[in-house]
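Engineer: Sharing a structure below in C-alpha cells format, with a few things to ask.
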Amino acid sequence: MSGLAHKTDESSGMVLLSGNSHPELARLVSDRMGIRLGDATVYNKTNRETSVDIKQSVRGKHVFILQSGSKNVNNDVMELMILIYACKTSMAKTITVVMPYLPYSKQCRMLRRSSIPMKLIAEMICKAGAGRLVSLDLYKKEIQGFFSIPVDNLRASPFLLQYIKQYIPDYKNAIIVAKSPGVMNKATSYADRLRLGVAVIHGEQKDSEESGLEDGRQSPPPNYTSFELFPAQEPKQKPPLTVVGDVGGRIAIMVDDIIDDAQSFVAAAEVLKARGAYKIYVLTTHGVLSSDAPALLEASPITQVIVTNTVPHDVQKMRCHKIRTVDISLMLCEAIRRIYHNESMGQLFRDITLDD
C-alpha cells in the first residue's frame, strides 16, 4: 500500500502497536498494510504487574493500538490502558484503539445490585488518552454512547454473507433463524440481503442467560405486604422452546453477535433438528467459546460454526472440528488506512442497515 508513504505533514507518520491478546491478527494486519509492527514489549513482571516498553519514538506520530479480548481478559484490558497511556505521555499526535472485540460489552446494563462495567471500561479507555475507537459488531450499538470519543462500529456481515454464498452451495434453500426474539433485527437484516425467509425460536432457554433474569433488587423481604394501589405482579413464565416459522426440509442458519456459552445454541439446534432442518449452521462475529463450549458443539446437531478472527480461538478449533474462521483483517486495514488519511468511513458502511 504505497499510499502510506505519503506524509500528511512533516511530523506525522504511522505506528502500529499491538498487545499480547491476538498476535496472529496483528501480524495479518501489518502484513496486509505492508508496515512493520511497532517495536514495543508488553509483558508481565514476576509480581504479575503489566509493564510496557516502547522502544521507538512515537512523538508526533499517528499511533494505532491493536488489542482484542481473549481468555485472559482483565490482563488484556490493563495492557491496553498502559499502552495508550505510554503513547500519550510520549506525545503521540493521535491514538486510535482498534479493538475488534470489546471486553465486558455484555455487561452493558444494570442487573439487580450490579453496575455497568462497560461504562467503566469506556471511561478508562478515554481517560487513558485514546482519541478514537474502532470496534466490530458491538454487542449493543448503544455502547457507543458510553464513550466521549468517536467510535466506529464496523460490521462483519459482508464477510459472513460472502462465506454463506461461497461455501453453503444450496443456501437458497436456507432460512435465517433468530436464536431468541432479541436477535430478530439482525436475522431480518441478513435475510433481506440473502433474499431468504426468517424463523424465530421462542421459549424458555434452560440456562442462565441474562435475558430471563429478573431485575428485582429483592430489597424488602419477598413476603412484605403488597401496596394496595400496585397492580398484581405476575411472574414471567415462558413456554418450552418452540420454532415460529417453517424449517422442515430447509438449511437453518442461526445468527448472533457472540457465541460464548454454547448451551443456548445447542438447545436451539436440537429443536430445529426435531422440526426437520437437515443442516444447521451458526453464524456469529465473535467466537469467544469459553469453558466447555467446543465439546458441546462437537456433540451437537450443528453442522458448522462460522466465526470471524476477532478473538483468538485456535485451541477451541482443535477441540471442535466444526468451527470455521472468516478473516476480517481486511476490514480493519481499510479502517486504519482511511482514518490515517482522513478519508470518509462511509464506504465501510455501504449497504449496512441500522439493525445489522
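Following the order of the C-alpha cells, first chain is A, next is B, and so on, with residues numbered from 1 inside each chain and ligands from 1 in the order they appear.
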Please give the complete set of residues from range 310-356 of chain A that DSSP, run on the backbone, assigns to strand (DSSP E), formatted as a compact mmCIF listing (two decimals) with N, CA and C atoms, in the first residue's frame.
Structural biologist:
```txt
# COMPACT_ATOMS: atom_id res chain seq x y z
N ILE A 323 -15.70 -25.78 13.71
CA ILE A 323 -15.50 -24.32 13.71
C ILE A 323 -14.75 -23.89 12.44
N ARG A 324 -15.31 -22.89 11.74
CA ARG A 324 -14.66 -22.30 10.56
C ARG A 324 -14.41 -20.81 10.85
N THR A 325 -13.29 -20.31 10.34
CA THR A 325 -12.91 -18.92 10.63
C THR A 325 -12.94 -18.08 9.36
N VAL A 326 -13.54 -16.90 9.46
CA VAL A 326 -13.57 -15.92 8.37
C VAL A 326 -12.63 -14.78 8.75
```
Engineer: Fewer than 6 positions away in the same chain doesn't count, so skip those; otherwise give me all residues within 10 Å of Arg338 in chain A, counting only C-alpha atoms, as a compact mmCIF listing (two decimals) with all heavy atoms, in the first residue's frame.
Structural biologist:
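The result, stored in around_19.txt:
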```txt
# COMPACT_ATOMS: atom_id res chain seq x y z
N LEU A 332 -10.28 -4.17 9.01
CA LEU A 332 -9.52 -3.35 9.97
C LEU A 332 -8.45 -2.53 9.25
O LEU A 332 -8.24 -1.36 9.57
CB LEU A 332 -8.87 -4.25 11.03
CG LEU A 332 -9.81 -5.10 11.88
CD1 LEU A 332 -9.02 -5.96 12.86
CD2 LEU A 332 -10.81 -4.24 12.64
N SER A 344 -13.26 9.48 4.35
CA SER A 344 -14.58 9.13 4.88
C SER A 344 -14.66 7.63 5.18
O SER A 344 -14.15 6.81 4.42
CB SER A 344 -15.66 9.50 3.87
OG SER A 344 -16.88 8.87 4.23
N MET A 345 -15.34 7.28 6.29
CA MET A 345 -15.53 5.87 6.63
C MET A 345 -16.81 5.33 6.00
O MET A 345 -17.15 4.17 6.17
CB MET A 345 -15.62 5.71 8.15
CG MET A 345 -14.40 6.18 8.91
SD MET A 345 -13.03 5.05 8.75
CE MET A 345 -13.44 3.85 9.99
N GLY A 346 -17.53 6.19 5.29
CA GLY A 346 -18.84 5.81 4.74
C GLY A 346 -18.82 4.56 3.88
O GLY A 346 -19.76 3.77 3.90
N GLN A 347 -17.73 4.39 3.13
CA GLN A 347 -17.63 3.25 2.23
C GLN A 347 -17.72 1.92 2.98
O GLN A 347 -18.23 0.93 2.47
CB GLN A 347 -16.30 3.34 1.48
CG GLN A 347 -16.15 2.39 0.30
CD GLN A 347 -17.10 2.70 -0.85
OE1 GLN A 347 -17.60 3.82 -0.93
NE2 GLN A 347 -17.35 1.74 -1.71
N LEU A 348 -17.22 1.90 4.22
CA LEU A 348 -17.22 0.66 5.01
C LEU A 348 -18.62 0.32 5.52
O LEU A 348 -18.87 -0.78 5.99
CB LEU A 348 -16.26 0.77 6.20
CG LEU A 348 -14.79 1.02 5.85
CD1 LEU A 348 -13.96 1.20 7.11
CD2 LEU A 348 -14.22 -0.13 5.02
```
Engineer: For Arg275 in chain A, list every protein, DNA or RNA residue within 9 Å, evaluated using only C-alpha atoms, and leave out those in the same chain fewer than 4 positions away; present the list as an mmCIF file with N, CA, C and O atoms, in the first residue's frame.
Structural biologist:
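Once written, around17.cif looks like this:
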```cif
data_model
loop_
_atom_site.group_PDB
_atom_site.id
_atom_site.type_symbol
_atom_site.label_atom_id
_atom_site.label_comp_id
_atom_site.auth_asym_id
_atom_site.auth_seq_id
_atom_site.Cartn_x
_atom_site.Cartn_y
_atom_site.Cartn_z
ATOM 1 N N VAL A 243 -40.289 -23.266 17.626
ATOM 2 C CA VAL A 243 -39.874 -22.505 16.440
ATOM 3 C C VAL A 243 -41.091 -21.842 15.820
ATOM 4 O O VAL A 243 -42.095 -22.517 15.542
ATOM 5 N N ASP A 246 -41.469 -22.101 9.461
ATOM 6 C CA ASP A 246 -41.318 -23.461 8.944
ATOM 7 C C ASP A 246 -39.861 -23.725 8.569
ATOM 8 O O ASP A 246 -39.299 -23.060 7.703
ATOM 9 N N VAL A 247 -39.234 -24.719 9.251
ATOM 10 C CA VAL A 247 -37.837 -25.047 8.933
ATOM 11 C C VAL A 247 -37.717 -26.468 8.360
ATOM 12 O O VAL A 247 -36.617 -26.927 8.095
ATOM 13 N N GLY A 248 -38.825 -27.138 8.165
ATOM 14 C CA GLY A 248 -38.807 -28.524 7.668
ATOM 15 C C GLY A 248 -38.163 -28.630 6.287
ATOM 16 O O GLY A 248 -38.529 -27.899 5.364
ATOM 17 N N GLY A 249 -37.171 -29.516 6.146
ATOM 18 C CA GLY A 249 -36.504 -29.718 4.862
ATOM 19 C C GLY A 249 -35.659 -28.546 4.410
ATOM 20 O O GLY A 249 -35.339 -28.421 3.230
ATOM 21 N N GLU A 270 -31.150 -28.397 18.628
ATOM 22 C CA GLU A 270 -31.905 -29.647 18.838
ATOM 23 C C GLU A 270 -33.370 -29.470 18.462
ATOM 24 O O GLU A 270 -33.995 -30.352 17.872
ATOM 25 N N VAL A 271 -33.922 -28.296 18.788
ATOM 26 C CA VAL A 271 -35.319 -28.002 18.429
ATOM 27 C C VAL A 271 -35.453 -27.920 16.909
ATOM 28 O O VAL A 271 -36.398 -28.458 16.320
#
```
Engineer: Would you mind telling me which residue in A:Val58, A:Leu330, A:Ile125, A:Met91 lies nearest to Met78 in chain A when using only C-alpha atoms?
Structural biologist: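 So, comparing all the options, the nearest one is A:Ile125.
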Engineer: Would you pick out the contacts of Thr94 in chain A at 8 Å or less, using only C-alpha atoms, so that residues sharing its chain but fewer than 5 positions from it are not included, and give the list as a list of chain:residue names?
Structural biologist: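 Neighbouring residues, sequence-local ones excluded: A:Gly60, A:Lys61, A:His62, A:Val63, A:Ala130, A:Gly131.
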Engineer: Fewer than 4 positions away in the same chain doesn't count, so skip those; otherwise give me all residues within 9 Å of range 308-317 of chain A, counting only C-alpha atoms, as a VMD selection string.
Structural biologist: chain A and resid 21 to 25 68 to 71 99 to 101 136 156 159 to 160 284 to 290 293 to 295 321 to 329
Engineer: Between A:Ile116, A:Ala335, A:Val255, A:Leu102, which one has atoms that come closest to Asn185 in chain A, using only C-alpha atoms?
Structural biologist: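 For Asn185 in chain A, the nearest of the given residues is A:Val255.
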